[in-house]
Amino acid sequence: MDEYIFGANILENLTTGMYKDSKVIFREYIQNACDQIDKAVELGILTSTDEGRIEIWLDEERRTISIEDNATGIPQADFRKTLADIADSSKKIGEDKGFRGIGRLCGLAYCRELIFTSKAKGENVISVMRCDAKKMRELLNRNINGEKFTASGVLNQIYKFEDIPDNTVTDEHWFRVELIGVNEENTELLNFDEVKNYLSFVAPVRYKNTFIYQSEIYAHAKEIGYKIDEYNISLNGEDDISKKYSSKFRTSKGEDDISGVEFKDFYDDNGNLIMWLWFGISQFKGIIEKGCEMRGIRLRKENIQIGSEDALQKLFKEDRGQHYFIGELFAVSKDLIPNSQRDYFNENTMRVKFEDEIRRYFKDVLQKVYYNASSLNSSFKKIEDFQKKTLEHQKKINNGDYIDSEDIAKAESTLKEAESKAIEARKKIDKLKQTTGNTETDSVLQKVANGIAKEHSDRKKSEVSATNSVEIRENVPAPSSKKTAHRVDKLSKLNKKERKLVSRIWGIIKDNTDDKTAEIIINKIEEEYK
């Protein structure tokens with residue numbers, strides 16, 4: 001059999017050229033640790049995944065990163081082959097989170113030296129593998145410039161193995177990855193806040209305990225027979241990392257909040273669960289601000305995020321659709337296989353079905369939800385606008401704040417226009433309330449409408465009350481100018497003739513400037529002659 005040569009460039013593709021975001025090293029090493037914790041439970045080394053721990057330590061001053069787990073460890077006899085060979089993993093697709101056997105190389109791109117250390121239960125030796133990452137990059141650079149190396153030749157130059165006797169505690173079992181001398185250009189890997197925020201949505205961890213809808217999500221997962229994989233992961237000794245979901249967030253049109261969660265399950269023709277999702281029901285006031293870390297429906301496999309927050313964006317009819325929602329989509333089918341970068345799935349028939357199903361649901365339900373929610377918000381706003389204008393108008397009449405009868409007539413005309421819009425808005429809201437609620441879209445929209453109505457009903461009495469208690473009049477009668485006090489009547493320093501002249505001047509000012517400027521000028525004149 002012929003033996004084929006793998007050039008050194010393959011190592012560049014698997015390390016420096018593999019990932020867009022350097023922080024994926026945490027995902028890759030955590031993924032491996034989670035698989036070993038599962039294996040430790042299976043072998044009886046750990047009683048449950050709750051007993052497993054993954055500890056990450058960042059030392060910005062020394063420029064080191066350490067990721068350690070208390071799972072199986074690697075026996076001395078298997079250590080060298082397990083870590084030195086590439087893409088020869090014994091893990092299985094559909095059973096393990098990682099399976100290609102290349103993720104452990106990712107750290108080589110970001111440090112001076114990469115060290116793997118392990119101890120297996122019952123053994124009295126610590127196994128060590130040192131990888132000279134700096135030398136690897138130098139050799140790859142020489143390779144690009146014409147001095148050819150094979151991948152095997154490079155690895156032989158950068159690998160160094162060592163066994164250290166350890167007769168202290170034979171029951172210990174652990175595995176540790178260390179990045180020594182993190183590159184200056186990769187300082188973000190040592191930034192505590194950046195790493196914590198990244199892990200809060202990428203890592204397979206629990207929901208933040210203050211997220212009030214977590215119990216509903218867990219209950220639904222249990223109902224459909226799905227176990228959400230969760231592990232104990234700490235950073236620099238602090239409390240375990242959790243998914244930073246909360247019920248409140250900001251949109252392009254103000255604050256919004258989650259008032260409930262909605263679920264959708266997808267099955268194949270044989271009744272097997274392909275995927276399921278949850279999303280938060282809000283008022284969908286506008287696009288969620290980019291600074292909101294939890295925005296978007298996140299794609300997950302084995303509870304590890306696939307790609308970025310926008311991995312599913314292309315399945316919406318329009319890009320902005322993804323940014324109206326907060327939620328998660330859990331891919332369940334073993335045939336939905338993450339690609340080597342873990343930013344999406346490999347191409348196969350299941351991925352086609354996955355995309356068809358999700359694209360249809362996004363179009364038939366989610367898009368209609370945020371479109372109709374936008375219309376609902378606009379309708380409630382028009383009714384509120386009319387109510388505010390009515391209150392302001394009555395207040396100005398009572399206080400004699402209008403300049404003259406002509407000023408009152410203009411205000412009445414504006415009020416009439418607002419009333420007309422409010423009547424049409426009420427019709428739209430009533431039409432929605434008359435829907436049967438038999439479809440998924442109707443059901444969600446009714447919940448959205450209730451949330452919007454509740455917000456309006458909770459406003460202070462000085463603002464407009466809930467739509468249900470609003471009386472929209474068909475006609476707004478203009479008060480008689482003979483019985484209505486005008487603003488100029490407050491100018492006690494002026495006689496009747498002077499007041500009439502000032503009234504005309506105020507009218508000219510209002511006709512030729514914007515309302516804010518006109519009010520400032522009129523107030524100045526009032527102060528002078530009151």
# chains A, B, ... in the order shown; residues from 1 in each chain; ligands from 1
>>> residues_around(residues="Phe345 of chain A", least_positions_apart="4", cutoff="12 Å", atoms="only C-alpha atoms", output="JSON, numbers by chain")
{"A": [299, 300, 301, 305, 306, 307, 311, 312, 331, 333, 334, 335, 336, 337, 338, 339, 340, 341, 349, 350, 351, 352, 354, 355]}
>>> residues_around(residues="Phe175 of chain A", least_positions_apart="4", cutoff="9 Å", atoms="only C-alpha atoms", output="list in words")
Ala33, Ile67, Glu68, Asp69, Asn70, Ala71, Thr72, Gly73, Ile74, Phe116, Thr117, Ser118, Lys119 and Ala120 of chain A
>>> write_last_selection(atoms="all heavy atoms", output="short mmCIF file (atom, residue, chain, number, x, y, z; two decimals), in the first residue's frame")
data_model
loop_
_atom_site.label_atom_id
_atom_site.label_comp_id
_atom_site.auth_asym_id
_atom_site.auth_seq_id
_atom_site.Cartn_x
_atom_site.Cartn_y
_atom_site.Cartn_z
N ALA A 33 -13.53 18.04 27.76
CA ALA A 33 -13.68 17.75 29.18
C ALA A 33 -15.06 17.19 29.49
O ALA A 33 -15.21 16.25 30.29
CB ALA A 33 -13.43 19.02 30.00
N ILE A 67 -6.91 24.93 31.97
CA ILE A 67 -8.25 24.35 31.93
C ILE A 67 -8.13 22.92 32.45
O ILE A 67 -7.47 22.08 31.82
CB ILE A 67 -8.82 24.35 30.49
CG1 ILE A 67 -8.83 25.78 29.93
CG2 ILE A 67 -10.24 23.76 30.48
CD1 ILE A 67 -9.11 25.84 28.45
N GLU A 68 -8.74 22.63 33.58
CA GLU A 68 -8.57 21.33 34.24
C GLU A 68 -9.92 20.71 34.57
O GLU A 68 -10.85 21.40 34.98
CB GLU A 68 -7.73 21.49 35.51
CG GLU A 68 -7.46 20.17 36.21
CD GLU A 68 -6.49 20.31 37.38
OE1 GLU A 68 -5.67 21.26 37.37
OE2 GLU A 68 -6.55 19.47 38.30
N ASP A 69 -10.01 19.38 34.39
CA ASP A 69 -11.23 18.65 34.76
C ASP A 69 -10.87 17.49 35.67
O ASP A 69 -9.71 17.08 35.75
CB ASP A 69 -11.96 18.16 33.52
CG ASP A 69 -11.18 17.12 32.73
OD1 ASP A 69 -10.99 15.99 33.25
OD2 ASP A 69 -10.74 17.41 31.60
N ASN A 70 -11.86 16.98 36.38
CA ASN A 70 -11.67 15.84 37.28
C ASN A 70 -12.33 14.59 36.72
O ASN A 70 -12.89 13.78 37.45
CB ASN A 70 -12.22 16.14 38.67
CG ASN A 70 -13.73 16.32 38.67
OD1 ASN A 70 -14.33 16.59 37.62
ND2 ASN A 70 -14.36 16.17 39.83
N ALA A 71 -12.25 14.43 35.40
CA ALA A 71 -12.91 13.30 34.74
C ALA A 71 -12.03 12.05 34.79
O ALA A 71 -11.46 11.72 35.83
CB ALA A 71 -13.27 13.68 33.31
N THR A 72 -11.89 11.36 33.68
CA THR A 72 -11.19 10.07 33.68
C THR A 72 -9.68 10.20 33.76
O THR A 72 -9.00 9.32 34.27
CB THR A 72 -11.52 9.30 32.39
OG1 THR A 72 -11.09 10.08 31.27
CG2 THR A 72 -13.02 9.04 32.28
N GLY A 73 -9.15 11.33 33.24
CA GLY A 73 -7.72 11.36 33.01
C GLY A 73 -7.39 10.40 31.86
O GLY A 73 -8.28 9.74 31.32
N ILE A 74 -6.13 10.33 31.47
CA ILE A 74 -5.71 9.40 30.41
C ILE A 74 -4.67 8.45 30.99
O ILE A 74 -3.64 8.90 31.51
CB ILE A 74 -5.12 10.14 29.20
CG1 ILE A 74 -6.12 11.15 28.63
CG2 ILE A 74 -4.70 9.15 28.11
CD1 ILE A 74 -5.59 11.97 27.48
N PHE A 116 -0.07 19.44 27.93
CA PHE A 116 -1.14 18.56 28.37
C PHE A 116 -0.58 17.70 29.51
O PHE A 116 0.48 17.09 29.37
CB PHE A 116 -1.61 17.64 27.24
CG PHE A 116 -2.17 18.39 26.05
CD1 PHE A 116 -1.39 18.59 24.91
CD2 PHE A 116 -3.46 18.89 26.07
CE1 PHE A 116 -1.90 19.26 23.81
CE2 PHE A 116 -3.98 19.57 24.97
CZ PHE A 116 -3.19 19.76 23.85
N THR A 117 -1.30 17.65 30.62
CA THR A 117 -0.87 16.88 31.78
C THR A 117 -2.04 16.06 32.28
O THR A 117 -3.17 16.55 32.33
CB THR A 117 -0.38 17.80 32.91
OG1 THR A 117 0.52 18.76 32.39
CG2 THR A 117 0.31 17.01 34.01
N SER A 118 -1.78 14.81 32.69
CA SER A 118 -2.89 13.96 33.12
C SER A 118 -2.45 12.91 34.13
O SER A 118 -1.30 12.48 34.16
CB SER A 118 -3.51 13.26 31.90
OG SER A 118 -4.63 12.50 32.29
N LYS A 119 -3.44 12.51 34.94
CA LYS A 119 -3.24 11.41 35.87
C LYS A 119 -4.51 10.57 35.89
O LYS A 119 -5.62 11.10 36.03
CB LYS A 119 -2.95 11.92 37.28
CG LYS A 119 -2.57 10.84 38.28
CD LYS A 119 -2.20 11.45 39.63
CE LYS A 119 -1.61 10.38 40.55
NZ LYS A 119 -2.56 9.30 40.84
N ALA A 120 -4.38 9.27 35.70
CA ALA A 120 -5.53 8.37 35.70
C ALA A 120 -5.70 7.73 37.07
O ALA A 120 -4.73 7.56 37.82
CB ALA A 120 -5.34 7.29 34.64
#
>>> select_by_dssp(residues="segment 114-163 of chain A", states="strand (DSSP E)", output="PyMOL selection string")
chain A and resi 114-119+125-132+159-163
>>> write_last_selection(atoms="C-alpha atoms", output="mmCIF file, in the first residue's frame")
data_model
loop_
_atom_site.group_PDB
_atom_site.id
_atom_site.type_symbol
_atom_site.label_atom_id
_atom_site.label_comp_id
_atom_site.auth_asym_id
_atom_site.auth_seq_id
_atom_site.Cartn_x
_atom_site.Cartn_y
_atom_site.Cartn_z
ATOM 1 C CA LEU A 114 0.979 24.136 24.926
ATOM 2 C CA ILE A 115 1.127 21.560 27.726
ATOM 3 C CA PHE A 116 -1.144 18.558 28.374
ATOM 4 C CA THR A 117 -0.867 16.879 31.781
ATOM 5 C CA SER A 118 -2.888 13.958 33.118
ATOM 6 C CA LYS A 119 -3.242 11.410 35.873
ATOM 7 C CA VAL A 125 2.478 8.512 37.416
ATOM 8 C CA ILE A 126 1.697 11.895 35.892
ATOM 9 C CA SER A 127 1.949 11.993 32.087
ATOM 10 C CA VAL A 128 3.081 15.196 30.378
ATOM 11 C CA MET A 129 3.117 16.286 26.733
ATOM 12 C CA ARG A 130 4.810 19.585 25.839
ATOM 13 C CA CYS A 131 4.195 21.217 22.458
ATOM 14 C CA ASP A 132 6.525 23.976 21.297
ATOM 15 C CA TYR A 159 6.456 17.205 20.766
ATOM 16 C CA LYS A 160 8.158 16.238 24.019
ATOM 17 C CA PHE A 161 6.833 13.571 26.429
ATOM 18 C CA GLU A 162 7.626 12.966 30.078
ATOM 19 C CA ASP A 163 6.428 10.663 32.874
#
>>> closest_residue(among="A:Arg112, A:Lys368, A:Lys496, A:Lys416", to="Lys135 of chain A", atoms="only C-alpha atoms")
A:Arg112
>>> select_by_dssp(residues="segment 144-373 of chain A", states="alpha helix (DSSP H)", output="ChimeraX atom specification")
/A:144,151-158,192-202,214-223,349-361,367-373
>>> write_last_selection(atoms="N, CA and C atoms", output="compact mmCIF listing (two decimals), in the first residue's frame")
# COMPACT_ATOMS: atom_id res chain seq x y z
N ILE A 144 6.30 27.68 4.18
CA ILE A 144 5.66 28.55 3.20
C ILE A 144 6.69 29.20 2.29
N ALA A 151 3.95 17.13 7.82
CA ALA A 151 3.26 17.36 9.09
C ALA A 151 3.90 16.52 10.19
N SER A 152 4.22 15.27 9.86
CA SER A 152 4.84 14.39 10.84
C SER A 152 6.21 14.92 11.28
N GLY A 153 6.97 15.46 10.31
CA GLY A 153 8.27 16.01 10.63
C GLY A 153 8.18 17.18 11.59
N VAL A 154 7.20 18.03 11.40
CA VAL A 154 7.01 19.18 12.30
C VAL A 154 6.63 18.70 13.69
N LEU A 155 5.68 17.77 13.76
CA LEU A 155 5.22 17.28 15.06
C LEU A 155 6.35 16.62 15.83
N ASN A 156 7.20 15.88 15.15
CA ASN A 156 8.33 15.24 15.82
C ASN A 156 9.29 16.27 16.43
N GLN A 157 9.35 17.45 15.82
CA GLN A 157 10.25 18.49 16.34
C GLN A 157 9.65 19.28 17.50
N ILE A 158 8.31 19.30 17.58
CA ILE A 158 7.70 20.15 18.62
C ILE A 158 7.14 19.35 19.81
N PHE A 192 -10.86 38.52 31.75
CA PHE A 192 -11.85 37.78 32.54
C PHE A 192 -13.27 38.03 32.06
N ASP A 193 -13.65 39.30 31.90
CA ASP A 193 -15.03 39.63 31.51
C ASP A 193 -15.37 39.09 30.13
N GLU A 194 -14.45 39.25 29.17
CA GLU A 194 -14.71 38.76 27.81
C GLU A 194 -14.90 37.25 27.78
N VAL A 195 -14.03 36.55 28.49
CA VAL A 195 -14.11 35.09 28.51
C VAL A 195 -15.38 34.63 29.21
N LYS A 196 -15.72 35.28 30.32
CA LYS A 196 -16.93 34.89 31.05
C LYS A 196 -18.19 35.12 30.20
N ASN A 197 -18.26 36.27 29.54
CA ASN A 197 -19.41 36.55 28.68
C ASN A 197 -19.50 35.53 27.55
N TYR A 198 -18.37 35.18 26.99
CA TYR A 198 -18.34 34.19 25.90
C TYR A 198 -18.88 32.85 26.39
N LEU A 199 -18.36 32.40 27.51
CA LEU A 199 -18.76 31.09 28.04
C LEU A 199 -20.21 31.08 28.51
N SER A 200 -20.72 32.23 28.90
CA SER A 200 -22.08 32.32 29.42
C SER A 200 -23.14 31.91 28.40
N PHE A 201 -22.78 31.95 27.11
CA PHE A 201 -23.74 31.54 26.09
C PHE A 201 -23.24 30.38 25.23
N VAL A 202 -21.94 30.15 25.21
CA VAL A 202 -21.39 29.09 24.38
C VAL A 202 -21.29 27.76 25.14
N GLN A 214 -36.74 29.45 33.53
CA GLN A 214 -35.93 28.24 33.39
C GLN A 214 -36.71 26.99 33.77
N SER A 215 -37.59 27.08 34.79
CA SER A 215 -38.35 25.90 35.21
C SER A 215 -39.28 25.42 34.10
N GLU A 216 -39.86 26.36 33.33
CA GLU A 216 -40.73 25.98 32.22
C GLU A 216 -39.93 25.30 31.10
N ILE A 217 -38.71 25.79 30.87
CA ILE A 217 -37.86 25.19 29.83
C ILE A 217 -37.47 23.77 30.23
N TYR A 218 -37.05 23.59 31.49
CA TYR A 218 -36.68 22.26 31.97
C TYR A 218 -37.89 21.31 31.91
N ALA A 219 -39.06 21.83 32.29
CA ALA A 219 -40.26 21.00 32.29
C ALA A 219 -40.60 20.54 30.88
N HIS A 220 -40.46 21.43 29.91
CA HIS A 220 -40.76 21.05 28.53
C HIS A 220 -39.76 20.02 28.02
N ALA A 221 -38.48 20.24 28.33
CA ALA A 221 -37.45 19.28 27.90
C ALA A 221 -37.74 17.90 28.48
N LYS A 222 -38.14 17.84 29.74
CA LYS A 222 -38.47 16.56 30.38
C LYS A 222 -39.69 15.92 29.71
N GLU A 223 -40.65 16.75 29.35
CA GLU A 223 -41.89 16.26 28.72
C GLU A 223 -41.61 15.58 27.39
N THR A 349 -28.72 15.09 4.05
CA THR A 349 -30.18 15.18 3.89
C THR A 349 -30.87 15.71 5.14
N MET A 350 -30.32 15.39 6.32
CA MET A 350 -30.94 15.88 7.55
C MET A 350 -30.78 17.39 7.67
N ARG A 351 -29.64 17.92 7.24
CA ARG A 351 -29.47 19.37 7.29
C ARG A 351 -30.47 20.06 6.37
N VAL A 352 -30.73 19.47 5.22
CA VAL A 352 -31.73 20.03 4.30
C VAL A 352 -33.11 20.04 4.96
N LYS A 353 -33.47 18.94 5.62
CA LYS A 353 -34.76 18.86 6.30
C LYS A 353 -34.81 19.88 7.44
N PHE A 354 -33.72 19.96 8.18
CA PHE A 354 -33.60 20.92 9.28
C PHE A 354 -33.88 22.34 8.78
N GLU A 355 -33.22 22.72 7.71
CA GLU A 355 -33.37 24.08 7.17
C GLU A 355 -34.78 24.32 6.63
N ASP A 356 -35.33 23.32 5.95
CA ASP A 356 -36.69 23.46 5.40
C ASP A 356 -37.70 23.67 6.52
N GLU A 357 -37.60 22.87 7.57
CA GLU A 357 -38.55 22.96 8.69
C GLU A 357 -38.42 24.29 9.42
N ILE A 358 -37.19 24.68 9.71
CA ILE A 358 -36.98 25.93 10.45
C ILE A 358 -37.35 27.14 9.61
N ARG A 359 -36.97 27.13 8.34
CA ARG A 359 -37.30 28.25 7.46
C ARG A 359 -38.82 28.43 7.36
N ARG A 360 -39.54 27.31 7.28
CA ARG A 360 -41.00 27.37 7.20
C ARG A 360 -41.60 27.93 8.50
N TYR A 361 -41.09 27.47 9.63
CA TYR A 361 -41.62 27.93 10.93
C TYR A 361 -41.31 29.41 11.14
N GLN A 367 -42.12 35.33 11.79
CA GLN A 367 -42.18 36.58 11.04
C GLN A 367 -43.55 37.24 11.21
N LYS A 368 -44.61 36.46 11.18
CA LYS A 368 -45.95 37.02 11.37
C LYS A 368 -46.11 37.60 12.77
N VAL A 369 -45.44 36.96 13.73
CA VAL A 369 -45.52 37.46 15.11
C VAL A 369 -44.94 38.85 15.22
N TYR A 370 -43.71 39.06 14.73
CA TYR A 370 -43.12 40.38 14.93
C TYR A 370 -43.71 41.42 13.99
N TYR A 371 -44.21 40.99 12.81
CA TYR A 371 -44.91 41.94 11.93
C TYR A 371 -46.20 42.42 12.58
N ASN A 372 -47.01 41.48 13.05
CA ASN A 372 -48.28 41.85 13.67
C ASN A 372 -48.08 42.55 15.00
N ALA A 373 -47.05 42.16 15.73
CA ALA A 373 -46.75 42.84 16.99
C ALA A 373 -46.40 44.29 16.74
